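Below is one structure, written out as structure tokens, with a few remarks after it.
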Amino acid sequence: EEPGGELNIRICFIALLTFLAAFASSQTAVIKTITVKGNSEVSTEAILAAMRTKVGQPYLQATLDADKETLENMGFFQAVDGRAQAIDDTNREVIVQVSEWPVVKEIRVVGNNGIATDEILKAVGSEIVVGKVFNTRSIQPSVNNIRELYKKKGLFGDVSDFKPMLESPGTISITIIELTVNNVSVTGNTRTKLNVMKRLIKTRAGEPFREDRWGADLRRLYSTQWFENVRSVENQPEPGKIDLIADVKEGRTGNFGVGLQVDPRSSFAGTLRLSDSNFRGSGQSVGINFLQGTRGGGPSVDLDYGNPFIDNHNTALNVSLYSRLIYRFSGVGFGSGNSPTEDDLYTERRTGATLAFGRPLNDNVSASIGFRYEGIKTNDIKNDSTGFIQQDGTLATVTLGLTQNRRDVDIDPARGDWFRIEVEPGFSNITKSGGNDAVTRVTGQHNYLKTTAEYRFYYSPQKPRGRNEPDAPRRVFAFRARAGTISGTVPFSEQFFAGGAATVRGYEEDRYWGKTSLLTTLEYRHPLQKALSLIAFVDYGGAWGGYGSVEKFTQSNSLQMNLGYGLGVSFRSPLGPLRLDIGFNKDGKSRTHFQIATSF
């Protein structure tokens, strides 16, 4: 009987489970309908599609609670409520009540001074669209876009508020907080006048703080070479405000020197120089130069004056009176000192004056106009067989120039570029000609037009210089290209010349000349110390299409480019940068060039 009893127990247990399951099934409510209320812009279909709760499924409050969170995360609704009510014992109606954000009618931006409202709205872009329901999910992408816009502009800005206005729900208010300059001051200037410093500093109190603009101000101060050091001190007296201090250490700007120099044209020369680039702290420059070459021909004298601020528009004035002796075709006393003739003393005495005005058009672009009048007299050409060209007389020129300067530091660029175009109409009156000009005899009055364009580019693989390190040494690749052309009858001395320290190294000074010129230079500058750099260079250029050959200095009437390359060193001295280059020409012959200046 025991086996039969066990069977009965099992049957009873199964029956009990079946009863309980049937009972539980009879007690589970089923969703009969789902009703969505409060939506006008967001479709019911979109809301139902986002929910896991569906018609015909068992009603579970946990699922409905999760749907509420899902709908809130859609971003279209200020409030969401979901609940069920009984239709009968086994059927339920789910009611979803939503409150939409308003339709966007207007986007209002407040607090922005450094960036125009149109630019900020463009940054918001398609995230918020007029005529569509406001969506809170668009806030963070819009804020990120606005922050990135400020970063690209070199400004400091953030979004403090981004929501519909209570009094005008269709208006979305975006409140910007910008870092604003509270005060700008200078410390350490015991000699330079404060009004001169303020002319150089473009950042003003009340403006949005621009890191790049303030950095440019500090570099502009340093590039005057009036100061040994320039650094920035910054304080924030309150949130959203910044005080800027340019702390400077003044250097020596006056110079008196007597000595011996190696000149690229006249070999050795005795010098006397008296100058001040910041005369009495006014920013004005004065200078007297006296130079007497050892090869004869008389002295060279220059009287110079400059004022960078003659009016409220920062117009600069530069005046020079001079009587200069130029040793045309001469060597420097190093390397091969070839000259085109056996009698290699050929000089031009230029006596005259220049007057130039320059004015900035914006932070990077300036315009200039210059006037020059001078008399030219060559040394006495006794006969036509000397090979030299004599054209004595007077000339007057007007130079119109436009310059764009985006270099980081003018006196030692590591980044940026520089471009200048010049148009120079000229008038000459040649009263005496001779030498190799005996055939053409360009005596009389002539007009000509000289046009020149030059571009320079600088790149460093190292990080940009910081605001407080304008003189930090950098490895630099520097490129220069210069092109020029002349129309009309131009005197020999006014042509383009190529060859020598400033153009194509490895060749004699003025080796090539003509009415057309093209010069290119690529340099790699590697700092060994802060003031000492090793330089590798390649020059490629020439001049052609002008006056005929002078003895063995043959010329070309068509395009003729010449290759020069070599190594050099540059040293920053109190007199300015000193440059010594060893250049090789296309035939492999070497020549050493010296100059008191950088190449470009």
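Ordered as shown in the structure tokens, chains take letters A, B, and onward, while each chain numbers its residues from 1 and ligands are numbered from 1 in the order shown.
Residue neighbourhood of A:Glu374, excluding near-sequence residues (fewer than 6 positions): A:Arg350, A:Thr351, A:Gly352, A:Ala353, A:Thr394, A:Leu395, A:Ala396, at 8 Å, using only C-alpha atoms.
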Give me the residues near A:Ile421 as a compact mmCIF listing (two decimals) with N, CA and C atoms, in the first residue's frame, where near means some atom within 9 Å (using only C-alpha atoms) and where sequence neighbours in that chain fewer than 2 positions away do not count.
# COMPACT_ATOMS: atom_id res chain seq x y z
N LEU A 400 55.53 103.54 -50.98
CA LEU A 400 54.27 103.19 -50.33
C LEU A 400 54.36 101.73 -49.92
N GLY A 401 54.13 101.47 -48.64
CA GLY A 401 54.30 100.10 -48.14
C GLY A 401 53.13 99.64 -47.28
N LEU A 402 52.90 98.35 -47.30
CA LEU A 402 51.88 97.72 -46.46
C LEU A 402 52.52 96.47 -45.84
N THR A 403 52.46 96.37 -44.50
CA THR A 403 53.15 95.30 -43.78
C THR A 403 52.17 94.55 -42.89
N PHE A 419 54.93 89.81 -43.81
CA PHE A 419 54.80 90.07 -45.24
C PHE A 419 54.79 91.58 -45.48
N VAL A 423 55.68 99.67 -53.20
CA VAL A 423 55.64 100.26 -54.54
C VAL A 423 56.39 101.58 -54.45
N THR A 451 58.83 97.72 -57.71
CA THR A 451 57.87 96.99 -56.89
C THR A 451 58.55 95.80 -56.24
N THR A 452 58.36 95.65 -54.94
CA THR A 452 59.01 94.57 -54.19
C THR A 452 58.01 93.93 -53.24
N ALA A 453 58.07 92.61 -53.14
CA ALA A 453 57.26 91.87 -52.17
C ALA A 453 58.16 90.88 -51.44
N GLU A 454 57.97 90.77 -50.13
CA GLU A 454 58.79 89.86 -49.33
C GLU A 454 57.93 89.15 -48.31
N TYR A 455 58.17 87.84 -48.15
CA TYR A 455 57.44 87.02 -47.17
C TYR A 455 58.44 86.26 -46.31
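Residue neighbourhood of A:Tyr459, excluding near-sequence residues (fewer than 2 positions): A:Ala414, A:Arg415, A:Val476, A:Phe477, at 6 Å, using only C-alpha atoms.
Counting from atom CA of A:Arg219, the distance to atom CA of A:Thr503 is 28.1 Å.
Atom CA of A:Asp243 sits 28.0 Å away from atom CA of A:Asp311.
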Next on the checklist: Residues near A:Thr224, anyone? I mean within 9 Å using only C-alpha atoms, not counting same-chain ones fewer than 3 positions away, as a PyMOL selection string.
Outcome noted: chain A and resi 219-221+227+277-278+283+410-411
Item to check | Contacts of A:Ser232 at 9 Å (only C-alpha atoms; same-chain gap of 5+ positions) as a ChimeraX atom specification | outcome: /A:214-215,218,244-248,467-468
Store the residues picked out above in a file with all heavy atoms, as an mmCIF file, in the first residue's frame.
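Saved result, part.cif, follows:
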data_model
loop_
_atom_site.group_PDB
_atom_site.id
_atom_site.type_symbol
_atom_site.label_atom_id
_atom_site.label_comp_id
_atom_site.auth_asym_id
_atom_site.auth_seq_id
_atom_site.Cartn_x
_atom_site.Cartn_y
_atom_site.Cartn_z
ATOM 1 N N TRP A 214 47.281 90.097 -24.418
ATOM 2 C CA TRP A 214 48.164 90.489 -23.327
ATOM 3 C C TRP A 214 49.578 89.970 -23.588
ATOM 4 O O TRP A 214 50.561 90.670 -23.339
ATOM 5 C CB TRP A 214 47.618 89.965 -22.012
ATOM 6 C CG TRP A 214 48.463 90.248 -20.804
ATOM 7 C CD1 TRP A 214 48.984 89.340 -19.938
ATOM 8 C CD2 TRP A 214 48.869 91.533 -20.307
ATOM 9 N NE1 TRP A 214 49.692 89.956 -18.937
ATOM 10 C CE2 TRP A 214 49.641 91.316 -19.142
ATOM 11 C CE3 TRP A 214 48.677 92.837 -20.742
ATOM 12 C CZ2 TRP A 214 50.199 92.351 -18.408
ATOM 13 C CZ3 TRP A 214 49.246 93.882 -20.006
ATOM 14 C CH2 TRP A 214 49.987 93.636 -18.867
ATOM 15 N N GLY A 215 49.683 88.750 -24.105
ATOM 16 C CA GLY A 215 50.996 88.225 -24.459
ATOM 17 C C GLY A 215 51.666 89.059 -25.532
ATOM 18 O O GLY A 215 52.883 89.307 -25.482
ATOM 19 N N LEU A 218 53.168 92.201 -23.996
ATOM 20 C CA LEU A 218 54.444 91.964 -23.319
ATOM 21 C C LEU A 218 55.575 91.787 -24.327
ATOM 22 O O LEU A 218 56.692 92.300 -24.127
ATOM 23 C CB LEU A 218 54.327 90.729 -22.426
ATOM 24 C CG LEU A 218 53.282 90.804 -21.306
ATOM 25 C CD1 LEU A 218 53.203 89.475 -20.571
ATOM 26 C CD2 LEU A 218 53.595 91.934 -20.338
ATOM 27 N N LEU A 244 46.125 93.131 -14.308
ATOM 28 C CA LEU A 244 47.307 92.802 -15.095
ATOM 29 C C LEU A 244 48.413 93.812 -14.794
ATOM 30 O O LEU A 244 48.183 95.023 -14.829
ATOM 31 C CB LEU A 244 46.976 92.819 -16.589
ATOM 32 C CG LEU A 244 45.865 91.872 -17.048
ATOM 33 C CD1 LEU A 244 45.547 92.104 -18.520
ATOM 34 C CD2 LEU A 244 46.261 90.428 -16.810
ATOM 35 N N ILE A 245 49.596 93.291 -14.538
ATOM 36 C CA ILE A 245 50.757 94.140 -14.244
ATOM 37 C C ILE A 245 51.901 93.724 -15.160
ATOM 38 O O ILE A 245 52.274 92.550 -15.202
ATOM 39 C CB ILE A 245 51.196 94.009 -12.776
ATOM 40 C CG1 ILE A 245 50.040 94.357 -11.833
ATOM 41 C CG2 ILE A 245 52.394 94.909 -12.498
ATOM 42 C CD1 ILE A 245 50.339 94.042 -10.376
ATOM 43 N N ALA A 246 52.430 94.680 -15.913
ATOM 44 C CA ALA A 246 53.637 94.453 -16.705
ATOM 45 C C ALA A 246 54.827 94.893 -15.866
ATOM 46 O O ALA A 246 55.042 96.090 -15.648
ATOM 47 C CB ALA A 246 53.576 95.228 -18.014
ATOM 48 N N ASP A 247 55.568 93.919 -15.371
ATOM 49 C CA ASP A 247 56.735 94.206 -14.519
ATOM 50 C C ASP A 247 57.988 94.174 -15.397
ATOM 51 O O ASP A 247 58.311 93.137 -15.980
ATOM 52 C CB ASP A 247 56.828 93.172 -13.404
ATOM 53 C CG ASP A 247 57.978 93.466 -12.453
ATOM 54 O OD1 ASP A 247 58.121 94.622 -12.046
ATOM 55 O OD2 ASP A 247 58.739 92.525 -12.140
ATOM 56 N N VAL A 248 58.669 95.307 -15.519
ATOM 57 C CA VAL A 248 59.799 95.419 -16.440
ATOM 58 C C VAL A 248 61.077 95.739 -15.673
ATOM 59 O O VAL A 248 61.051 96.310 -14.581
ATOM 60 C CB VAL A 248 59.546 96.518 -17.496
ATOM 61 C CG1 VAL A 248 58.286 96.225 -18.285
ATOM 62 C CG2 VAL A 248 59.451 97.901 -16.850
ATOM 63 N N ARG A 467 54.162 83.899 -21.760
ATOM 64 C CA ARG A 467 54.115 85.345 -21.577
ATOM 65 C C ARG A 467 55.349 85.870 -20.849
ATOM 66 O O ARG A 467 55.781 86.996 -21.075
ATOM 67 C CB ARG A 467 52.848 85.727 -20.790
ATOM 68 C CG ARG A 467 51.566 85.532 -21.566
ATOM 69 C CD ARG A 467 50.430 86.321 -20.936
ATOM 70 N NE ARG A 467 50.081 85.847 -19.615
ATOM 71 C CZ ARG A 467 49.214 84.869 -19.366
ATOM 72 N NH1 ARG A 467 48.659 84.227 -20.381
ATOM 73 N NH2 ARG A 467 48.918 84.510 -18.140
ATOM 74 N N ASN A 468 55.920 85.055 -19.975
ATOM 75 C CA ASN A 468 57.047 85.512 -19.178
ATOM 76 C C ASN A 468 58.394 85.011 -19.689
ATOM 77 O O ASN A 468 59.386 85.049 -18.959
ATOM 78 C CB ASN A 468 56.853 85.076 -17.717
ATOM 79 C CG ASN A 468 55.754 85.853 -17.029
ATOM 80 O OD1 ASN A 468 55.526 87.021 -17.341
ATOM 81 N ND2 ASN A 468 55.069 85.220 -16.098
#
As a short mmCIF file (atom, residue, chain, number, x, y, z; two decimals) with N, CA, C and O atoms, in the first residue's frame, please: the residues near A:Lys241 (cut-off 10 Å, only C-alpha atoms, same-chain neighbours under 4 positions excluded).
data_model
loop_
_atom_site.label_atom_id
_atom_site.label_comp_id
_atom_site.auth_asym_id
_atom_site.auth_seq_id
_atom_site.Cartn_x
_atom_site.Cartn_y
_atom_site.Cartn_z
N GLU A 178 32.33 86.29 -18.49
CA GLU A 178 33.64 86.48 -19.10
C GLU A 178 34.62 87.02 -18.07
O GLU A 178 34.25 87.78 -17.17
N LEU A 179 35.89 86.61 -18.22
CA LEU A 179 36.95 87.16 -17.38
C LEU A 179 37.31 88.53 -17.94
O LEU A 179 37.78 88.64 -19.08
N THR A 180 37.09 89.56 -17.16
CA THR A 180 37.24 90.94 -17.60
C THR A 180 38.44 91.59 -16.95
O THR A 180 38.73 91.35 -15.77
N VAL A 181 39.13 92.43 -17.72
CA VAL A 181 40.29 93.15 -17.19
C VAL A 181 39.81 94.23 -16.24
O VAL A 181 39.04 95.12 -16.62
N ASN A 182 40.25 94.15 -15.00
CA ASN A 182 39.86 95.15 -14.00
C ASN A 182 40.80 96.34 -14.01
O ASN A 182 40.36 97.48 -13.90
N ASN A 183 42.11 96.07 -14.18
CA ASN A 183 43.09 97.16 -14.14
C ASN A 183 44.36 96.71 -14.86
O ASN A 183 44.72 95.54 -14.83
N ALA A 205 41.45 98.31 -19.46
CA ALA A 205 40.53 97.94 -18.40
C ALA A 205 39.10 97.95 -18.92
O ALA A 205 38.72 98.81 -19.72
N GLY A 206 38.30 96.99 -18.48
CA GLY A 206 36.92 96.89 -18.92
C GLY A 206 36.72 95.96 -20.10
O GLY A 206 35.58 95.59 -20.42
N PRO A 208 37.23 92.28 -22.20
CA PRO A 208 37.43 90.86 -21.88
C PRO A 208 38.92 90.55 -21.92
O PRO A 208 39.66 91.07 -22.75
N PHE A 209 39.36 89.71 -20.99
CA PHE A 209 40.77 89.35 -20.94
C PHE A 209 41.10 88.42 -22.10
O PHE A 209 40.53 87.34 -22.24
N ASN A 235 46.56 89.15 -10.91
CA ASN A 235 45.78 88.95 -9.68
C ASN A 235 44.30 88.99 -10.02
O ASN A 235 43.89 89.71 -10.94
N GLN A 236 43.51 88.22 -9.27
CA GLN A 236 42.06 88.23 -9.44
C GLN A 236 41.42 88.75 -8.16
O GLN A 236 41.26 88.01 -7.19
N PRO A 237 41.06 90.05 -8.13
CA PRO A 237 40.48 90.63 -6.91
C PRO A 237 39.09 90.09 -6.58
O PRO A 237 38.66 90.14 -5.43
#
Next on the checklist: List the spatial neighbours of A:Leu155 as JSON, numbers by chain - criterion: any atom at most 6 Å away, only C-alpha atoms, same-chain residues fewer than 4 positions off excluded.
Outcome noted: {"A": [150, 151, 210]}
Only N, CA, C and O atoms, please: the residues just picked out, written as a short mmCIF file (atom, residue, chain, number, x, y, z; two decimals), in the first residue's frame.
data_model
loop_
_atom_site.label_atom_id
_atom_site.label_comp_id
_atom_site.auth_asym_id
_atom_site.auth_seq_id
_atom_site.Cartn_x
_atom_site.Cartn_y
_atom_site.Cartn_z
N TYR A 150 35.17 80.31 -27.03
CA TYR A 150 35.96 81.26 -26.25
C TYR A 150 37.43 80.86 -26.24
O TYR A 150 38.32 81.72 -26.32
N LYS A 151 37.69 79.57 -26.15
CA LYS A 151 39.07 79.10 -26.14
C LYS A 151 39.76 79.44 -27.45
O LYS A 151 40.92 79.88 -27.48
N ARG A 210 42.03 88.86 -22.95
CA ARG A 210 42.51 88.07 -24.07
C ARG A 210 43.96 87.68 -23.79
O ARG A 210 44.84 88.53 -23.77
#
Item to check | Pick from A:Asp88, A:Asp539, A:Asp471, A:Asp363 nearest to A:Leu200, counting only C-alpha atoms | outcome: A:Asp363
Checklist entry - Where does DSSP see strand (DSSP E or B) in stretch 414-542 of chain A, if you list the residues as a PyMOL selection string? => result chain A and resi 416-435+444-459+476-488+496-498+512-514+516-527+532-542
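Counting only C-alpha atoms, the residue from A:Ile115, A:Ile9, A:Asn557, A:Val55 that sits nearest to A:Val30 is A:Val55.
Each of A:Gly545, A:Ser570, A:Thr485, A:Leu563 was checked against A:Thr520 using only C-alpha atoms; the smallest atom-to-atom distance is that of A:Leu563.
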